[in-house]
Amino acid sequence: MAKPVIEVRDLGIEFFRSRRRRMSLREIVFKGQSGATTETFWALKNISFDVGRGEAVGLVGGNGSGKSTLLKMIAGVMLPDEGYATVRGKVAPLIELTGGFLGELTARENVYLAAGLHGLTKRQIDERYDEIVDFAGPQVQNGMDMPFRHFSSGMQVRLAFSLITTLDQPVVLVDEVLAVGDRAFREKCYTRMESMLEGGKTLFLVSHSEHDLKRFADRGLYLKTGTLVQDGPILDVLDRYHRDADAGS
Ligand SMILES: Nc1ncnc2c1ncn2[C@@H]1O[C@H](COP(=O)(O)OP(=O)(O)OP(=O)(O)O)[C@@H](O)[C@H]1O
């Protein structure tokens with residue numbers, strides 16, 4: 001049997017809460033404490049699942065349930081404290097609005113830097129440059145020599161999506177970022193995502209949009225305060241998620 005493209009086993013990550021607690025005047029005067037606690041919590045715990053080649057998985061869960069953190073660990077930009085997330089093949093992650101671009105560099109420099117970090121040679125980037133910029137649209141095209149920080153959030157996500165999906169990596173991770181693009185661009189992105197799926201790519205999508213999840217994902221993973229509570233057909237997962245939301249849990 002073919003090995004899974006994404007293999008996650010017993011994965012967990014612990015964060016500091018860095019909460020400041022209220023202090024009495026007595027404590028401040030006599031103990032001189034800053035009030036910062038070192039309390040920690042598990043943002044994800046005991047997460048295990050496999051994703052096969054060509055699967056489209058939607059990650060569902062309320063705010064703060066751990067969706068973005070899980071995606072970052074699959075992308076390899078954050079390391080777990082327990083267990084592991086292994087990806088067979090390269091990953092194209094669109095997990096932050098800026099796509100990891102640097103604000104002080106021009107948009108053009110960022111394309112070369114980011115594509116280079118994903119393993120493309122200068123010549124390969126030269127060949128794909130026009131395609132990347134054309135897909136991102138005329139506003140982006142006209143601003144390629146501007147510092148990236150001057151791009152609007154919509155322009156940033158246009159360029160990042162265009163670049164990431166042009167890299168042609170077998171695994172594509174998309175966080176909520178597409179919501180920033182305007183309607184016309186979102187439709188263009190959806191069409192591209194559909195053709196990537198037809199081409200056999202593996203898609204991992206985080207979204208609060210039921211419409212998007214139903215359109216792209218066959219399978220759903222439901223995270224609830226850092227625990228994977230359901231892994232099954234997307235319609236069943238959405239059903240349970242909505243029932244929980246209606247019940248206020
Ligand atoms: N670097 C960090 N340090 C401390 N806590 C963090 C860090 N990153 C995330 N968290 C916390 O971990 C939990 C999960 O966050 P995460 O961003 O993964 O949730 P999410 O499901 O993507 O939420 P949303 O739907 O609101 O985007 C939250 O309680 C968040 O505050």
# chains A, B, ... in the order shown; residues from 1 in each chain; ligands from 1
>>> residues_near_ligand(ligand="ligand 1", cutoff="8 Å", atoms="only C-alpha atoms and all ligand atoms", output="PyMOL selection string")
chain A and resi 15-18+42-44+61-70+176+208+223+225-226
>>> closest_atom_pairs(of="range 173-249 of chain A", to="range 45-59 of chain A", cutoff="12 Å", atoms="only C-alpha atoms", output="Markdown table")
| residue | atom | partner | partner_atom | distance |
| --- | --- | --- | --- | --- |
| A:Leu173 | CA | A:Val57 | CA | 9.7 |
| A:Val174 | CA | A:Gly58 | CA | 9.7 |
| A:Asp175 | CA | A:Leu59 | CA | 9.3 |
| A:Glu176 | CA | A:Leu59 | CA | 10.4 |
| A:Met193 | CA | A:Ala56 | CA | 10.2 |
| A:Glu194 | CA | A:Ala56 | CA | 10.2 |
| A:Ser195 | CA | A:Gly54 | CA | 11.7 |
| A:Met196 | CA | A:Gly54 | CA | 9.3 |
| A:Leu197 | CA | A:Gly54 | CA | 6.6 |
| A:Glu198 | CA | A:Gly54 | CA | 8.3 |
| A:Gly199 | CA | A:Gly54 | CA | 8.2 |
| A:Gly200 | CA | A:Gly54 | CA | 4.6 |
| A:Lys201 | CA | A:Gly54 | CA | 4.9 |
| A:Thr202 | CA | A:Gly54 | CA | 4.4 |
| A:Leu203 | CA | A:Ala56 | CA | 4.6 |
| A:Phe204 | CA | A:Val57 | CA | 4.9 |
| A:Leu205 | CA | A:Gly58 | CA | 4.8 |
| A:Val206 | CA | A:Leu59 | CA | 4.9 |
| A:Ser207 | CA | A:Leu59 | CA | 7.0 |
| A:His208 | CA | A:Leu59 | CA | 9.0 |
| A:Ser209 | CA | A:Gly58 | CA | 10.3 |
| A:Glu210 | CA | A:Gly58 | CA | 9.8 |
| A:His211 | CA | A:Gly58 | CA | 11.3 |
| A:Asp212 | CA | A:Gly58 | CA | 9.0 |
| A:Leu213 | CA | A:Gly58 | CA | 5.9 |
| A:Lys214 | CA | A:Gly58 | CA | 8.6 |
| A:Arg215 | CA | A:Gly58 | CA | 10.0 |
| A:Phe216 | CA | A:Ala56 | CA | 6.5 |
| A:Ala217 | CA | A:Ala56 | CA | 4.7 |
| A:Asp218 | CA | A:Ala56 | CA | 5.9 |
| A:Arg219 | CA | A:Val57 | CA | 4.9 |
| A:Gly220 | CA | A:Gly58 | CA | 4.8 |
| A:Leu221 | CA | A:Leu59 | CA | 5.0 |
| A:Tyr222 | CA | A:Leu59 | CA | 6.1 |
| A:Leu223 | CA | A:Leu59 | CA | 7.4 |
| A:Lys224 | CA | A:Lys45 | CA | 10.6 |
| A:Thr225 | CA | A:Lys45 | CA | 9.2 |
| A:Gly226 | CA | A:Lys45 | CA | 5.9 |
| A:Thr227 | CA | A:Lys45 | CA | 5.9 |
| A:Leu228 | CA | A:Ile47 | CA | 6.0 |
| A:Val229 | CA | A:Ile47 | CA | 9.5 |
| A:Gln230 | CA | A:Leu59 | CA | 10.3 |
| A:Asp231 | CA | A:Phe49 | CA | 8.2 |
| A:Gly232 | CA | A:Val57 | CA | 9.6 |
| A:Pro233 | CA | A:Val57 | CA | 9.3 |
| A:Ile234 | CA | A:Gly58 | CA | 7.1 |
| A:Leu235 | CA | A:Gly58 | CA | 10.5 |
| A:Asp236 | CA | A:Gly58 | CA | 11.9 |
| A:Val237 | CA | A:Gly58 | CA | 9.4 |
| A:Leu238 | CA | A:Gly58 | CA | 9.8 |
| A:Tyr241 | CA | A:Leu59 | CA | 11.0 |
>>> select_by_dssp(residues="range 6-242 of chain A", states="alpha helix (DSSP H)", output="PyMOL selection string")
chain A and resi 25-30+67-75+107-117+122-136+138-142+153-166+183-198+210-216+234-242
>>> select_by_dssp(residues="range 52-238 of chain A", states="strand (DSSP E)", output="PyMOL selection string")
chain A and resi 56-60+82-87+91-94+171-174+202-206+219-224+227-233
>>> closest_residue(among="A:Ala75, A:Ala179, A:Ala114, A:Val172", to="Gly154 in chain A", atoms="only C-alpha atoms")
A:Ala179
>>> closest_atom_pairs(of="range 144-198 of chain A", to="range 132-137 of chain A", cutoff="8 Å", atoms="only C-alpha atoms", output="Markdown table")
| residue | atom | partner | partner_atom | distance |
| --- | --- | --- | --- | --- |
| A:Met155 | CA | A:Ala136 | CA | 7.7 |
| A:Arg158 | CA | A:Ala136 | CA | 5.0 |
| A:Leu159 | CA | A:Ala136 | CA | 5.3 |
| A:Phe161 | CA | A:Ala136 | CA | 8.0 |
| A:Ser162 | CA | A:Ile132 | CA | 5.4 |
| A:Leu163 | CA | A:Ile132 | CA | 5.7 |
| A:Thr166 | CA | A:Ile132 | CA | 6.7 |
>>> write_last_selection(atoms="N, CA and C atoms", output="PDB file, in the first residue's frame")
ATOM      1  N   MET A 155      -3.644  42.621  -2.133  1.00  0.00           N
ATOM      2  CA  MET A 155      -2.539  42.470  -3.106  1.00  0.00           C
ATOM      3  C   MET A 155      -1.501  41.476  -2.583  1.00  0.00           C
ATOM      4  N   ARG A 158      -2.829  37.997  -3.079  1.00  0.00           N
ATOM      5  CA  ARG A 158      -2.832  37.662  -4.506  1.00  0.00           C
ATOM      6  C   ARG A 158      -1.453  37.155  -4.934  1.00  0.00           C
ATOM      7  N   LEU A 159      -0.412  37.926  -4.566  1.00  0.00           N
ATOM      8  CA  LEU A 159       0.929  37.528  -4.986  1.00  0.00           C
ATOM      9  C   LEU A 159       1.355  36.225  -4.300  1.00  0.00           C
ATOM     10  N   PHE A 161      -0.522  33.753  -3.084  1.00  0.00           N
ATOM     11  CA  PHE A 161      -1.255  32.591  -3.622  1.00  0.00           C
ATOM     12  C   PHE A 161      -0.693  32.211  -4.991  1.00  0.00           C
ATOM     13  N   SER A 162      -0.484  33.234  -5.798  1.00  0.00           N
ATOM     14  CA  SER A 162       0.004  32.984  -7.151  1.00  0.00           C
ATOM     15  C   SER A 162       1.364  32.290  -7.119  1.00  0.00           C
ATOM     16  N   LEU A 163       2.242  32.794  -6.267  1.00  0.00           N
ATOM     17  CA  LEU A 163       3.576  32.197  -6.169  1.00  0.00           C
ATOM     18  C   LEU A 163       3.508  30.763  -5.638  1.00  0.00           C
ATOM     19  N   THR A 166       2.216  28.256  -8.029  1.00  0.00           N
ATOM     20  CA  THR A 166       3.038  28.072  -9.231  1.00  0.00           C
ATOM     21  C   THR A 166       4.246  27.173  -8.938  1.00  0.00           C
TER      22      THR A 166
END
>>> closest_residue(among="A:Glu131, A:Asp239, A:Asp246, A:Glu7", to="Gly83 in chain A", atoms="only C-alpha atoms")
A:Glu7
>>> closest_residue(among="A:Thr191, A:Thr40, A:Asn110, A:Gln169", to="Gln156 in chain A", atoms="only C-alpha atoms")
A:Asn110
>>> atom_distance(atom1="CA of Asp145 in chain A", atom2="CA of Arg108 in chain A")
6.1 Å
